[in-house]
file run-v8.pdb (PDB, C-alpha atoms and all ligand atoms)
ATOM      1  CA  MET A   1      99.099 105.532  98.828  1.00  0.00           C
ATOM      2  CA  PRO A   2      99.659 105.655 102.607  1.00  0.00           C
ATOM      3  CA  SER A   3     103.002 104.241 103.657  1.00  0.00           C
ATOM      4  CA  LEU A   4     103.459 101.059 105.650  1.00  0.00           C
ATOM      5  CA  PRO A   5     104.277 101.339 109.341  1.00  0.00           C
ATOM      6  CA  GLU A   6     107.903 101.330 110.478  1.00  0.00           C
ATOM      7  CA  ASP A   7     109.315  97.922 111.496  1.00  0.00           C
ATOM      8  CA  PHE A   8     106.746  96.115 109.340  1.00  0.00           C
ATOM      9  CA  ARG A   9     108.454  93.428 107.249  1.00  0.00           C
ATOM     10  CA  TYR A  10     106.688  91.859 104.314  1.00  0.00           C
ATOM     11  CA  ILE A  11     108.541  88.807 102.977  1.00  0.00           C
ATOM     12  CA  ALA A  12     106.751  87.819  99.769  1.00  0.00           C
ATOM     13  CA  GLY A  13     107.059  84.188  98.704  1.00  0.00           C
ATOM     14  CA  HIS A  14     109.232  83.147 101.636  1.00  0.00           C
ATOM     15  CA  LEU A  15     107.891  79.569 101.638  1.00  0.00           C
ATOM     16  CA  ASP A  16     108.151  77.501  98.450  1.00  0.00           C
ATOM     17  CA  GLN A  17     105.526  74.943  97.416  1.00  0.00           C
ATOM     18  CA  ASP A  18     107.163  72.043  99.297  1.00  0.00           C
ATOM     19  CA  GLN A  19     107.496  74.072 102.491  1.00  0.00           C
ATOM     20  CA  GLN A  20     103.848  75.181 102.220  1.00  0.00           C
ATOM     21  CA  GLU A  21     102.708  71.576 101.797  1.00  0.00           C
ATOM     22  CA  ALA A  22     104.797  70.393 104.741  1.00  0.00           C
ATOM     23  CA  LEU A  23     103.375  73.148 106.924  1.00  0.00           C
ATOM     24  CA  LEU A  24      99.858  72.298 105.778  1.00  0.00           C
ATOM     25  CA  ALA A  25     100.423  68.663 106.806  1.00  0.00           C
ATOM     26  CA  ASP A  26     101.427  69.923 110.283  1.00  0.00           C
ATOM     27  CA  ILE A  27      98.293  72.075 110.446  1.00  0.00           C
ATOM     28  CA  ARG A  28      96.027  69.189 109.401  1.00  0.00           C
ATOM     29  CA  GLN A  29      97.392  67.151 112.307  1.00  0.00           C
ATOM     30  CA  ILE A  30      96.796  70.053 114.693  1.00  0.00           C
ATOM     31  CA  VAL A  31      93.218  70.496 113.476  1.00  0.00           C
ATOM     32  CA  ARG A  32      92.551  66.775 113.949  1.00  0.00           C
ATOM     33  CA  ALA A  33      93.567  67.004 117.612  1.00  0.00           C
ATOM     34  CA  ALA A  34      92.201  70.528 118.208  1.00  0.00           C
ATOM     35  CA  PRO A  35      89.233  71.164 115.863  1.00  0.00           C
ATOM     36  CA  LEU A  36      88.514  74.587 114.398  1.00  0.00           C
ATOM     37  CA  TYR A  37      85.708  76.264 116.336  1.00  0.00           C
ATOM     38  CA  THR A  38      83.716  79.474 115.867  1.00  0.00           C
ATOM     39  CA  PRO A  39      84.782  82.096 118.407  1.00  0.00           C
ATOM     40  CA  THR A  40      82.282  84.676 119.656  1.00  0.00           C
ATOM     41  CA  MET A  41      82.724  88.364 120.404  1.00  0.00           C
ATOM     42  CA  PRO A  42      82.955  89.623 123.989  1.00  0.00           C
ATOM     43  CA  LYS A  43      79.636  90.883 125.471  1.00  0.00           C
ATOM     44  CA  THR A  44      77.539  90.573 122.256  1.00  0.00           C
ATOM     45  CA  GLY A  45      78.284  86.896 121.601  1.00  0.00           C
ATOM     46  CA  LYS A  46      78.257  87.629 117.854  1.00  0.00           C
ATOM     47  CA  PRO A  47      80.060  84.815 116.013  1.00  0.00           C
ATOM     48  CA  MET A  48      83.279  85.671 114.210  1.00  0.00           C
ATOM     49  CA  ARG A  49      83.467  84.851 110.512  1.00  0.00           C
ATOM     50  CA  VAL A  50      86.901  83.272 110.946  1.00  0.00           C
ATOM     51  CA  ARG A  51      87.181  79.811 112.502  1.00  0.00           C
ATOM     52  CA  MET A  52      90.121  79.235 114.850  1.00  0.00           C
ATOM     53  CA  THR A  53      92.292  76.824 116.735  1.00  0.00           C
ATOM     54  CA  ASN A  54      95.803  77.029 118.236  1.00  0.00           C
ATOM     55  CA  CYS A  55      98.977  75.125 118.909  1.00  0.00           C
ATOM     56  CA  GLY A  56     101.641  75.841 121.515  1.00  0.00           C
ATOM     57  CA  VAL A  57     101.423  76.080 125.301  1.00  0.00           C
ATOM     58  CA  LEU A  58      98.902  78.930 125.073  1.00  0.00           C
ATOM     59  CA  GLY A  59      96.112  79.710 122.623  1.00  0.00           C
ATOM     60  CA  TRP A  60      94.109  82.859 121.897  1.00  0.00           C
ATOM     61  CA  VAL A  61      90.369  82.448 122.436  1.00  0.00           C
ATOM     62  CA  THR A  62      87.288  84.633 122.796  1.00  0.00           C
ATOM     63  CA  ASP A  63      83.718  84.092 123.923  1.00  0.00           C
ATOM     64  CA  LYS A  64      80.731  86.162 125.050  1.00  0.00           C
ATOM     65  CA  GLU A  65      81.230  85.696 128.790  1.00  0.00           C
ATOM     66  CA  ARG A  66      84.991  85.984 129.261  1.00  0.00           C
ATOM     67  CA  GLY A  67      86.164  87.907 126.187  1.00  0.00           C
ATOM     68  CA  TYR A  68      89.613  87.897 124.591  1.00  0.00           C
ATOM     69  CA  ARG A  69      92.319  85.959 126.424  1.00  0.00           C
ATOM     70  CA  TYR A  70      95.036  83.332 126.205  1.00  0.00           C
ATOM     71  CA  GLN A  71      94.498  79.952 127.827  1.00  0.00           C
ATOM     72  CA  ALA A  72      96.167  76.536 127.909  1.00  0.00           C
ATOM     73  CA  LEU A  73      93.045  74.488 127.010  1.00  0.00           C
ATOM     74  CA  HIS A  74      90.872  74.221 123.894  1.00  0.00           C
ATOM     75  CA  PRO A  75      87.510  75.841 124.785  1.00  0.00           C
ATOM     76  CA  VAL A  76      85.455  73.008 123.233  1.00  0.00           C
ATOM     77  CA  THR A  77      87.473  69.840 123.901  1.00  0.00           C
ATOM     78  CA  GLY A  78      89.013  71.028 127.191  1.00  0.00           C
ATOM     79  CA  LYS A  79      92.321  69.467 126.130  1.00  0.00           C
ATOM     80  CA  PRO A  80      95.739  71.168 126.026  1.00  0.00           C
ATOM     81  CA  TRP A  81      96.611  72.637 122.611  1.00  0.00           C
ATOM     82  CA  PRO A  82      98.835  70.423 120.424  1.00  0.00           C
ATOM     83  CA  SER A  83     102.509  71.327 120.674  1.00  0.00           C
ATOM     84  CA  MET A  84     104.022  73.816 118.259  1.00  0.00           C
ATOM     85  CA  PRO A  85     105.519  72.042 115.210  1.00  0.00           C
ATOM     86  CA  GLU A  86     109.334  72.200 115.020  1.00  0.00           C
ATOM     87  CA  ARG A  87     108.982  73.758 111.556  1.00  0.00           C
ATOM     88  CA  LEU A  88     107.203  76.797 113.034  1.00  0.00           C
ATOM     89  CA  ILE A  89     109.671  77.184 115.883  1.00  0.00           C
ATOM     90  CA  SER A  90     112.489  77.159 113.300  1.00  0.00           C
ATOM     91  CA  LEU A  91     110.762  79.848 111.236  1.00  0.00           C
ATOM     92  CA  TRP A  92     110.474  82.037 114.349  1.00  0.00           C
ATOM     93  CA  ARG A  93     114.145  81.513 115.248  1.00  0.00           C
ATOM     94  CA  GLU A  94     115.124  82.364 111.666  1.00  0.00           C
ATOM     95  CA  LEU A  95     113.056  85.542 111.306  1.00  0.00           C
ATOM     96  CA  ALA A  96     111.771  86.951 114.594  1.00  0.00           C
ATOM     97  CA  ASP A  97     115.053  88.437 115.899  1.00  0.00           C
ATOM     98  CA  TYR A  98     113.787  87.773 119.430  1.00  0.00           C
ATOM     99  CA  PRO A  99     115.658  85.684 122.033  1.00  0.00           C
ATOM    100  CA  HIS A 100     112.750  83.557 123.328  1.00  0.00           C
ATOM    101  CA  ASP A 101     110.589  80.965 121.580  1.00  0.00           C
ATOM    102  CA  PRO A 102     106.932  81.573 120.717  1.00  0.00           C
ATOM    103  CA  GLU A 103     104.263  80.321 123.137  1.00  0.00           C
ATOM    104  CA  ALA A 104     101.188  80.499 120.924  1.00  0.00           C
ATOM    105  CA  CYS A 105     100.314  79.917 117.312  1.00  0.00           C
ATOM    106  CA  LEU A 106      96.800  81.049 116.410  1.00  0.00           C
ATOM    107  CA  VAL A 107      95.429  79.211 113.367  1.00  0.00           C
ATOM    108  CA  ASN A 108      92.793  81.254 111.516  1.00  0.00           C
ATOM    109  CA  PHE A 109      90.687  79.640 108.789  1.00  0.00           C
ATOM    110  CA  TYR A 110      88.880  81.861 106.277  1.00  0.00           C
ATOM    111  CA  GLY A 111      86.154  80.544 103.970  1.00  0.00           C
ATOM    112  CA  PRO A 112      85.464  82.504 100.764  1.00  0.00           C
ATOM    113  CA  GLU A 113      83.209  85.035 102.543  1.00  0.00           C
ATOM    114  CA  ALA A 114      85.177  85.485 105.761  1.00  0.00           C
ATOM    115  CA  LYS A 115      86.783  88.730 106.854  1.00  0.00           C
ATOM    116  CA  LEU A 116      88.398  90.114 109.993  1.00  0.00           C
ATOM    117  CA  GLY A 117      87.624  93.691 111.084  1.00  0.00           C
ATOM    118  CA  LEU A 118      90.282  96.294 111.824  1.00  0.00           C
ATOM    119  CA  HIS A 119      91.747  95.634 115.302  1.00  0.00           C
ATOM    120  CA  GLN A 120      94.896  95.752 117.428  1.00  0.00           C
ATOM    121  CA  ASP A 121      96.546  92.685 118.976  1.00  0.00           C
ATOM    122  CA  ARG A 122      96.982  93.657 122.608  1.00  0.00           C
ATOM    123  CA  ASP A 123      96.136  90.616 124.674  1.00  0.00           C
ATOM    124  CA  GLU A 124      99.816  89.703 125.095  1.00  0.00           C
ATOM    125  CA  GLU A 125     101.864  90.839 128.099  1.00  0.00           C
ATOM    126  CA  ASP A 126     104.948  91.510 126.062  1.00  0.00           C
ATOM    127  CA  PHE A 127     104.730  93.896 123.104  1.00  0.00           C
ATOM    128  CA  ASP A 128     108.523  93.790 122.729  1.00  0.00           C
ATOM    129  CA  ALA A 129     108.120  90.414 121.061  1.00  0.00           C
ATOM    130  CA  PRO A 130     107.112  90.503 117.396  1.00  0.00           C
ATOM    131  CA  VAL A 131     104.172  88.687 115.804  1.00  0.00           C
ATOM    132  CA  LEU A 132     105.041  86.497 112.823  1.00  0.00           C
ATOM    133  CA  SER A 133     102.290  85.700 110.302  1.00  0.00           C
ATOM    134  CA  VAL A 134     102.280  82.976 107.631  1.00  0.00           C
ATOM    135  CA  SER A 135      99.659  82.909 104.855  1.00  0.00           C
ATOM    136  CA  LEU A 136      98.573  79.649 103.173  1.00  0.00           C
ATOM    137  CA  GLY A 137      95.931  78.998 100.502  1.00  0.00           C
ATOM    138  CA  ASP A 138      93.765  81.641  98.842  1.00  0.00           C
ATOM    139  CA  ALA A 139      95.083  85.194  98.732  1.00  0.00           C
ATOM    140  CA  CYS A 140      93.510  88.021 100.728  1.00  0.00           C
ATOM    141  CA  ARG A 141      93.419  91.786 100.867  1.00  0.00           C
ATOM    142  CA  PHE A 142      95.164  92.728 104.109  1.00  0.00           C
ATOM    143  CA  ARG A 143      94.849  96.244 105.535  1.00  0.00           C
ATOM    144  CA  ILE A 144      97.257  97.856 107.974  1.00  0.00           C
ATOM    145  CA  GLY A 145      97.086 101.304 109.579  1.00  0.00           C
ATOM    146  CA  GLY A 146      98.708 102.946 112.573  1.00  0.00           C
ATOM    147  CA  THR A 147      98.497 102.878 116.355  1.00  0.00           C
ATOM    148  CA  ASP A 148      95.471 105.201 116.266  1.00  0.00           C
ATOM    149  CA  ARG A 149      92.316 103.775 114.760  1.00  0.00           C
ATOM    150  CA  SER A 150      91.877 106.935 112.676  1.00  0.00           C
ATOM    151  CA  ASP A 151      95.371 106.674 111.100  1.00  0.00           C
ATOM    152  CA  SER A 152      95.403 106.133 107.341  1.00  0.00           C
ATOM    153  CA  THR A 153      95.693 102.557 106.143  1.00  0.00           C
ATOM    154  CA  ALA A 154      97.524 100.744 103.361  1.00  0.00           C
ATOM    155  CA  SER A 155      96.317  97.572 101.669  1.00  0.00           C
ATOM    156  CA  LEU A 156      98.348  94.744 100.316  1.00  0.00           C
ATOM    157  CA  ARG A 157      97.619  91.350  98.891  1.00  0.00           C
ATOM    158  CA  LEU A 158      98.931  88.416 100.910  1.00  0.00           C
ATOM    159  CA  ASN A 159      99.546  85.256  98.883  1.00  0.00           C
ATOM    160  CA  SER A 160     100.205  81.688  99.935  1.00  0.00           C
ATOM    161  CA  GLY A 161     103.755  81.412 101.270  1.00  0.00           C
ATOM    162  CA  ASP A 162     104.054  85.096 102.226  1.00  0.00           C
ATOM    163  CA  ILE A 163     105.281  86.067 105.679  1.00  0.00           C
ATOM    164  CA  VAL A 164     104.619  89.268 107.597  1.00  0.00           C
ATOM    165  CA  LEU A 165     106.665  90.244 110.638  1.00  0.00           C
ATOM    166  CA  LEU A 166     105.239  92.869 112.987  1.00  0.00           C
ATOM    167  CA  ALA A 167     107.850  94.284 115.298  1.00  0.00           C
ATOM    168  CA  GLY A 168     108.669  97.522 117.074  1.00  0.00           C
ATOM    169  CA  LYS A 169     106.449 100.412 116.039  1.00  0.00           C
ATOM    170  CA  SER A 170     104.197  98.215 113.865  1.00  0.00           C
ATOM    171  CA  ARG A 171     103.406  95.819 116.725  1.00  0.00           C
ATOM    172  CA  LEU A 172     100.380  97.843 117.858  1.00  0.00           C
ATOM    173  CA  ALA A 173      99.228  98.858 114.389  1.00  0.00           C
ATOM    174  CA  HIS A 174      95.557  98.355 113.507  1.00  0.00           C
ATOM    175  CA  HIS A 175      95.061  95.654 110.908  1.00  0.00           C
ATOM    176  CA  GLY A 176      92.435  93.398 109.370  1.00  0.00           C
ATOM    177  CA  VAL A 177      91.489  91.208 106.430  1.00  0.00           C
ATOM    178  CA  ASP A 178      89.009  92.914 104.053  1.00  0.00           C
ATOM    179  CA  ARG A 179      88.348  90.011 101.742  1.00  0.00           C
ATOM    180  CA  ILE A 180      89.457  86.640 100.460  1.00  0.00           C
ATOM    181  CA  TYR A 181      90.145  86.119  96.763  1.00  0.00           C
ATOM    182  CA  PRO A 182      88.576  82.659  96.210  1.00  0.00           C
ATOM    183  CA  GLY A 183      90.187  80.332  93.706  1.00  0.00           C
ATOM    184  CA  THR A 184      93.621  81.988  93.774  1.00  0.00           C
ATOM    185  CA  SER A 185      95.481  78.972  95.219  1.00  0.00           C
ATOM    186  CA  THR A 186      95.319  75.207  94.771  1.00  0.00           C
ATOM    187  CA  LEU A 187      97.095  74.445  98.086  1.00  0.00           C
ATOM    188  CA  LEU A 188      93.809  73.719  99.908  1.00  0.00           C
ATOM    189  CA  LYS A 189      91.681  71.302  97.895  1.00  0.00           C
ATOM    190  CA  ASN A 190      88.422  72.924  98.995  1.00  0.00           C
ATOM    191  CA  GLY A 191      89.750  76.479  98.899  1.00  0.00           C
ATOM    192  CA  GLY A 192      89.923  79.003 101.708  1.00  0.00           C
ATOM    193  CA  ARG A 193      92.798  80.693 103.488  1.00  0.00           C
ATOM    194  CA  ILE A 194      94.802  79.737 106.566  1.00  0.00           C
ATOM    195  CA  ASN A 195      96.779  82.298 108.523  1.00  0.00           C
ATOM    196  CA  LEU A 196      99.168  81.319 111.284  1.00  0.00           C
ATOM    197  CA  THR A 197     100.333  83.920 113.813  1.00  0.00           C
ATOM    198  CA  LEU A 198     103.209  83.022 116.101  1.00  0.00           C
ATOM    199  CA  ARG A 199     103.293  84.955 119.334  1.00  0.00           C
ATOM    200  CA  ARG A 200     105.145  85.352 122.587  1.00  0.00           C
ATOM    201  CA  VAL A 201     102.455  85.918 125.232  1.00  0.00           C
ATOM    202  CA  THR A 202     104.131  86.135 128.640  1.00  0.00           C
ATOM    203  CA  ARG A 203     107.020  88.361 129.578  1.00  0.00           C
ATOM    204  CA  PRO A 204     110.147  86.200 129.759  1.00  0.00           C
ATOM    205  CA  VAL A 205     111.647  86.076 133.269  1.00  0.00           C
TER     206      VAL A 205
HETATM  207  C1  LIG B 301      99.775  93.778 112.513  1.00  0.00           C
HETATM  208  N1  LIG B 301      95.291  87.848 111.651  1.00  0.00           N
HETATM  209  O1  LIG B 301      95.183  86.771 114.084  1.00  0.00           O
HETATM  210  S1  LIG B 301      97.942  88.358 109.978  1.00  0.00           S
HETATM  211  C2  LIG B 301      95.176  88.010 114.014  1.00  0.00           C
HETATM  212  O2  LIG B 301      95.438  87.293 108.224  1.00  0.00           O
HETATM  213  C3  LIG B 301      95.203  88.653 112.699  1.00  0.00           C
HETATM  214  O3  LIG B 301      94.522  86.183 109.834  1.00  0.00           O
HETATM  215  C4  LIG B 301      95.239  88.359 110.295  1.00  0.00           C
HETATM  216  O4  LIG B 301      95.118  89.827 112.613  1.00  0.00           O
HETATM  217  C5  LIG B 301      95.068  87.193 109.375  1.00  0.00           C
HETATM  218  O5  LIG B 301      95.179  88.750 115.002  1.00  0.00           O
HETATM  219  C6  LIG B 301      96.427  89.181 109.950  1.00  0.00           C
HETATM  220  C7  LIG B 301      99.065  89.707 109.974  1.00  0.00           C
HETATM  221  C8  LIG B 301      99.167  90.408 111.282  1.00  0.00           C
HETATM  222  C9  LIG B 301      99.173  89.722 112.461  1.00  0.00           C
HETATM  223  C10 LIG B 301      99.377  90.364 113.654  1.00  0.00           C
HETATM  224  C11 LIG B 301      99.587  91.718 113.695  1.00  0.00           C
HETATM  225  C12 LIG B 301      99.340  91.752 111.305  1.00  0.00           C
HETATM  226  C13 LIG B 301      99.550  92.425 112.498  1.00  0.00           C
HETATM  227  C14 LIG B 301      99.861  92.396 114.882  1.00  0.00           C
HETATM  228  C15 LIG B 301     100.110  93.730 114.878  1.00  0.00           C
HETATM  229  C16 LIG B 301     100.051  94.437 113.691  1.00  0.00           C
HETATM  230 FE    FE B 302      95.485  90.669 114.589  1.00  0.00          FE
END

call {"tool": "encode", "arguments": {"input": "run-v8.pdb", "output": "structure tokens"}}
result
Amino acid sequence: MPSLPEDFRYIAGHLDQDQQEALLADIRQIVRAAPLYTPTMPKTGKPMRVRMTNCGVLGWVTDKERGYRYQALHPVTGKPWPSMPERLISLWRELADYPHDPEACLVNFYGPEAKLGLHQDRDEEDFDAPVLSVSLGDACRFRIGGTDRSDSTASLRLNSGDIVLLAGKSRLAHHGVDRIYPGTSTLLKNGGRINLTLRRVTRPV
């Protein structure tokens, strides 16, 4: 079994049922104002299998013409992203061990068939800031490797309420979601998985 990268923190069951439900209520409000949309891959325009939206001053988006980037406006509605819920800012302040607040929270929605290929997160200016991930709803098989694409990978199951913190050496690790385990959570009435990633995008001045 390959080992997990250094500075990778896996906090199983950090959020209890009430906290998960409260966070879900926040996310529902965000999705009402900023609907989930289907992002497309740079150059090919191939649709991703994960639907996305964001909250915070910046959001991560991708499309065929302009590729991966952060921007202040929803690509479909043209409106600013909803503000980051206080509950998420508090979670970051509690766990991130980083002196500035997050600017972006990417909301990923996975249906039963969705997956996310192995990739690095490198569209941020500041890799000194960690990425904090919150899982809600159905469980998934998450895979994480090293900085090089050819590095060996380890798999772990992420359940609803789990938190993963990617800091230091793990910040540029390759990672992806191999599969969803449908029917493993009752949090979302119609099933599926939501992942929130809190990020600092710009270098603090
Ligand atoms: C490891 N999301 O949004 S979260 C992504 O479950 C993303 O939706 C996955 O990969 C998901 O970019 C994984 C855990 C995660 C997030 C960011 C990372 C792992 C990471 C950044 C660097 C290394
Ligand atoms: Fe990622």

call {"tool": "residues_around", "arguments": {"input": "run-v8.pdb", "residues": "Trp81 (chain A)", "least_positions_apart": "4", "cutoff": "10 Å", "atoms": "all atoms listed in the file", "output": "list in words"}}
result
Ile30, Val31, Ala33, Ala34, Thr53, Asn54, Cys55, Gly56, Val57, Leu58, Gly59, Gln71, Ala72, Leu73, His74, Pro75, Thr77, Ala104 and Cys105 of chain A

call {"tool": "atom_distance", "arguments": {"input": "run-v8.pdb", "atom1": "CA of His174 (chain A)", "atom2": "atom C13 of ligand LIG 301 (chain B)"}}
result
7.2 Å

call {"tool": "residues_around", "arguments": {"input": "run-v8.pdb", "residues": "Ile180 (chain A)", "least_positions_apart": "5", "cutoff": "8 Å", "atoms": "only C-alpha atoms", "output": "list in words"}}
result
Tyr110, Gly111, Pro112, Glu113, Ala114, Lys115, Asp138, Ala139, Cys140, Arg141, Gly192 and Arg193 of chain A

call {"tool": "closest_atom_pairs", "arguments": {"input": "run-v8.pdb", "of": "chain A", "to": "ligand LIG 301 (chain B)", "cutoff": "6 Å", "atoms": "all atoms listed in the file", "output": "JSON lines"}}
result
{"residue": "A:Asn108", "atom": "CA", "partner": "B:LIG301", "partner_atom": "O3", "distance": 5.5}
{"residue": "A:Asp121", "atom": "CA", "partner": "B:LIG301", "partner_atom": "C14", "distance": 5.3}
{"residue": "A:Val131", "atom": "CA", "partner": "B:LIG301", "partner_atom": "C10", "distance": 5.5}
{"residue": "A:Ser133", "atom": "CA", "partner": "B:LIG301", "partner_atom": "S1", "distance": 5.1}
{"residue": "A:Leu166", "atom": "CA", "partner": "B:LIG301", "partner_atom": "C16", "distance": 5.5}
{"residue": "A:Ser170", "atom": "CA", "partner": "B:LIG301", "partner_atom": "C16", "distance": 5.6}
{"residue": "A:Arg171", "atom": "CA", "partner": "B:LIG301", "partner_atom": "C15", "distance": 4.3}
{"residue": "A:Leu172", "atom": "CA", "partner": "B:LIG301", "partner_atom": "C15", "distance": 5.1}
{"residue": "A:Ala173", "atom": "CA", "partner": "B:LIG301", "partner_atom": "C16", "distance": 4.6}
{"residue": "A:His174", "atom": "CA", "partner": "B:LIG301", "partner_atom": "C16", "distance": 6.0}
{"residue": "A:His175", "atom": "CA", "partner": "B:LIG301", "partner_atom": "C1", "distance": 5.3}
{"residue": "A:Gly176", "atom": "CA", "partner": "B:LIG301", "partner_atom": "O4", "distance": 5.5}
{"residue": "A:Val177", "atom": "CA", "partner": "B:LIG301", "partner_atom": "O2", "distance": 5.8}
{"residue": "A:Asn195", "atom": "CA", "partner": "B:LIG301", "partner_atom": "O3", "distance": 4.7}
{"residue": "A:Thr197", "atom": "CA", "partner": "B:LIG301", "partner_atom": "O1", "distance": 5.9}

call {"tool": "residues_around", "arguments": {"input": "run-v8.pdb", "residues": "Arg69 (chain A)", "least_positions_apart": "3", "cutoff": "8 Å", "atoms": "all atoms listed in the file", "output": "VMD selection string"}}
result
chain A and resid 60 to 62 66 123

call {"tool": "resolve_selection", "arguments": {"input": "run-v8.pdb", "expression": "the PyMOL selection byres (((chain A and resi 5-13) around 8) and not hetatm)", "output": "MDAnalysis selection string"}}
result
chainID A and resid 3:4 14:16 144:146 158:170 173

call {"tool": "write_last_selection", "arguments": {"input": "run-v8.pdb", "atoms": "C-alpha atoms", "output": "PDB file, in the frame of the given file"}}
result
ATOM      1  CA  SER A   3     103.002 104.241 103.657  1.00  0.00           C
ATOM      2  CA  LEU A   4     103.459 101.059 105.650  1.00  0.00           C
ATOM      3  CA  HIS A  14     109.232  83.147 101.636  1.00  0.00           C
ATOM      4  CA  LEU A  15     107.891  79.569 101.638  1.00  0.00           C
ATOM      5  CA  ASP A  16     108.151  77.501  98.450  1.00  0.00           C
ATOM      6  CA  ILE A 144      97.257  97.856 107.974  1.00  0.00           C
ATOM      7  CA  GLY A 145      97.086 101.304 109.579  1.00  0.00           C
ATOM      8  CA  GLY A 146      98.708 102.946 112.573  1.00  0.00           C
ATOM      9  CA  LEU A 158      98.931  88.416 100.910  1.00  0.00           C
ATOM     10  CA  ASN A 159      99.546  85.256  98.883  1.00  0.00           C
ATOM     11  CA  SER A 160     100.205  81.688  99.935  1.00  0.00           C
ATOM     12  CA  GLY A 161     103.755  81.412 101.270  1.00  0.00           C
ATOM     13  CA  ASP A 162     104.054  85.096 102.226  1.00  0.00           C
ATOM     14  CA  ILE A 163     105.281  86.067 105.679  1.00  0.00           C
ATOM     15  CA  VAL A 164     104.619  89.268 107.597  1.00  0.00           C
ATOM     16  CA  LEU A 165     106.665  90.244 110.638  1.00  0.00           C
ATOM     17  CA  LEU A 166     105.239  92.869 112.987  1.00  0.00           C
ATOM     18  CA  ALA A 167     107.850  94.284 115.298  1.00  0.00           C
ATOM     19  CA  GLY A 168     108.669  97.522 117.074  1.00  0.00           C
ATOM     20  CA  LYS A 169     106.449 100.412 116.039  1.00  0.00           C
ATOM     21  CA  SER A 170     104.197  98.215 113.865  1.00  0.00           C
ATOM     22  CA  ALA A 173      99.228  98.858 114.389  1.00  0.00           C
TER      23      ALA A 173
END

call {"tool": "atom_distance", "arguments": {"input": "run-v8.pdb", "atom1": "CA of Gly67 (chain A)", "atom2": "CA of Ser150 (chain A)"}}
result
24.0 Å

call {"tool": "closest_residue", "arguments": {"input": "run-v8.pdb", "among": "A:Pro85, A:Gly117, A:Pro80, A:Pro39", "to": "ligand FE 302 (chain B)", "atoms": "all atoms listed in the file"}}
result
A:Gly117

call {"tool": "build_atoms", "arguments": {"input": "run-v8.pdb", "residues": "region 60-73 of chain A", "atoms": "N, CA and C atoms", "output": "mmCIF file, in the frame of the given file"}}
result
data_model
loop_
_atom_site.group_PDB
_atom_site.id
_atom_site.type_symbol
_atom_site.label_atom_id
_atom_site.label_comp_id
_atom_site.auth_asym_id
_atom_site.auth_seq_id
_atom_site.Cartn_x
_atom_site.Cartn_y
_atom_site.Cartn_z
ATOM 1 N N TRP A 60 94.997 81.689 121.793
ATOM 2 C CA TRP A 60 94.109 82.859 121.897
ATOM 3 C C TRP A 60 92.677 82.409 121.661
ATOM 4 N N VAL A 61 91.780 82.799 122.570
ATOM 5 C CA VAL A 61 90.369 82.448 122.436
ATOM 6 C C VAL A 61 89.508 83.663 122.778
ATOM 7 N N THR A 62 88.250 83.613 122.373
ATOM 8 C CA THR A 62 87.288 84.633 122.796
ATOM 9 C C THR A 62 85.903 84.006 122.883
ATOM 10 N N ASP A 63 85.131 84.454 123.863
ATOM 11 C CA ASP A 63 83.718 84.092 123.923
ATOM 12 C C ASP A 63 82.951 85.233 124.580
ATOM 13 N N LYS A 64 81.619 85.106 124.567
ATOM 14 C CA LYS A 64 80.731 86.162 125.050
ATOM 15 C C LYS A 64 81.016 86.524 126.512
ATOM 16 N N GLU A 65 81.156 85.479 127.343
ATOM 17 C CA GLU A 65 81.230 85.696 128.790
ATOM 18 C C GLU A 65 82.584 86.243 129.246
ATOM 19 N N ARG A 66 83.662 85.674 128.708
ATOM 20 C CA ARG A 66 84.991 85.984 129.261
ATOM 21 C C ARG A 66 85.883 86.782 128.336
ATOM 22 N N GLY A 67 85.437 87.021 127.102
ATOM 23 C CA GLY A 67 86.164 87.907 126.187
ATOM 24 C C GLY A 67 87.495 87.364 125.701
ATOM 25 N N TYR A 68 88.315 88.256 125.176
ATOM 26 C CA TYR A 68 89.613 87.897 124.591
ATOM 27 C C TYR A 68 90.605 87.476 125.677
ATOM 28 N N ARG A 69 91.308 86.398 125.461
ATOM 29 C CA ARG A 69 92.319 85.959 126.424
ATOM 30 C C ARG A 69 93.171 84.840 125.838
ATOM 31 N N TYR A 70 94.248 84.524 126.519
ATOM 32 C CA TYR A 70 95.036 83.332 126.205
ATOM 33 C C TYR A 70 94.752 82.284 127.263
ATOM 34 N N GLN A 71 94.656 81.031 126.853
ATOM 35 C CA GLN A 71 94.498 79.952 127.827
ATOM 36 C C GLN A 71 95.152 78.673 127.311
ATOM 37 N N ALA A 72 95.420 77.758 128.231
ATOM 38 C CA ALA A 72 96.167 76.536 127.909
ATOM 39 C C ALA A 72 95.291 75.433 127.325
ATOM 40 N N LEU A 73 93.952 75.570 127.426
ATOM 41 C CA LEU A 73 93.045 74.488 127.010
ATOM 42 C C LEU A 73 92.118 74.927 125.870
#
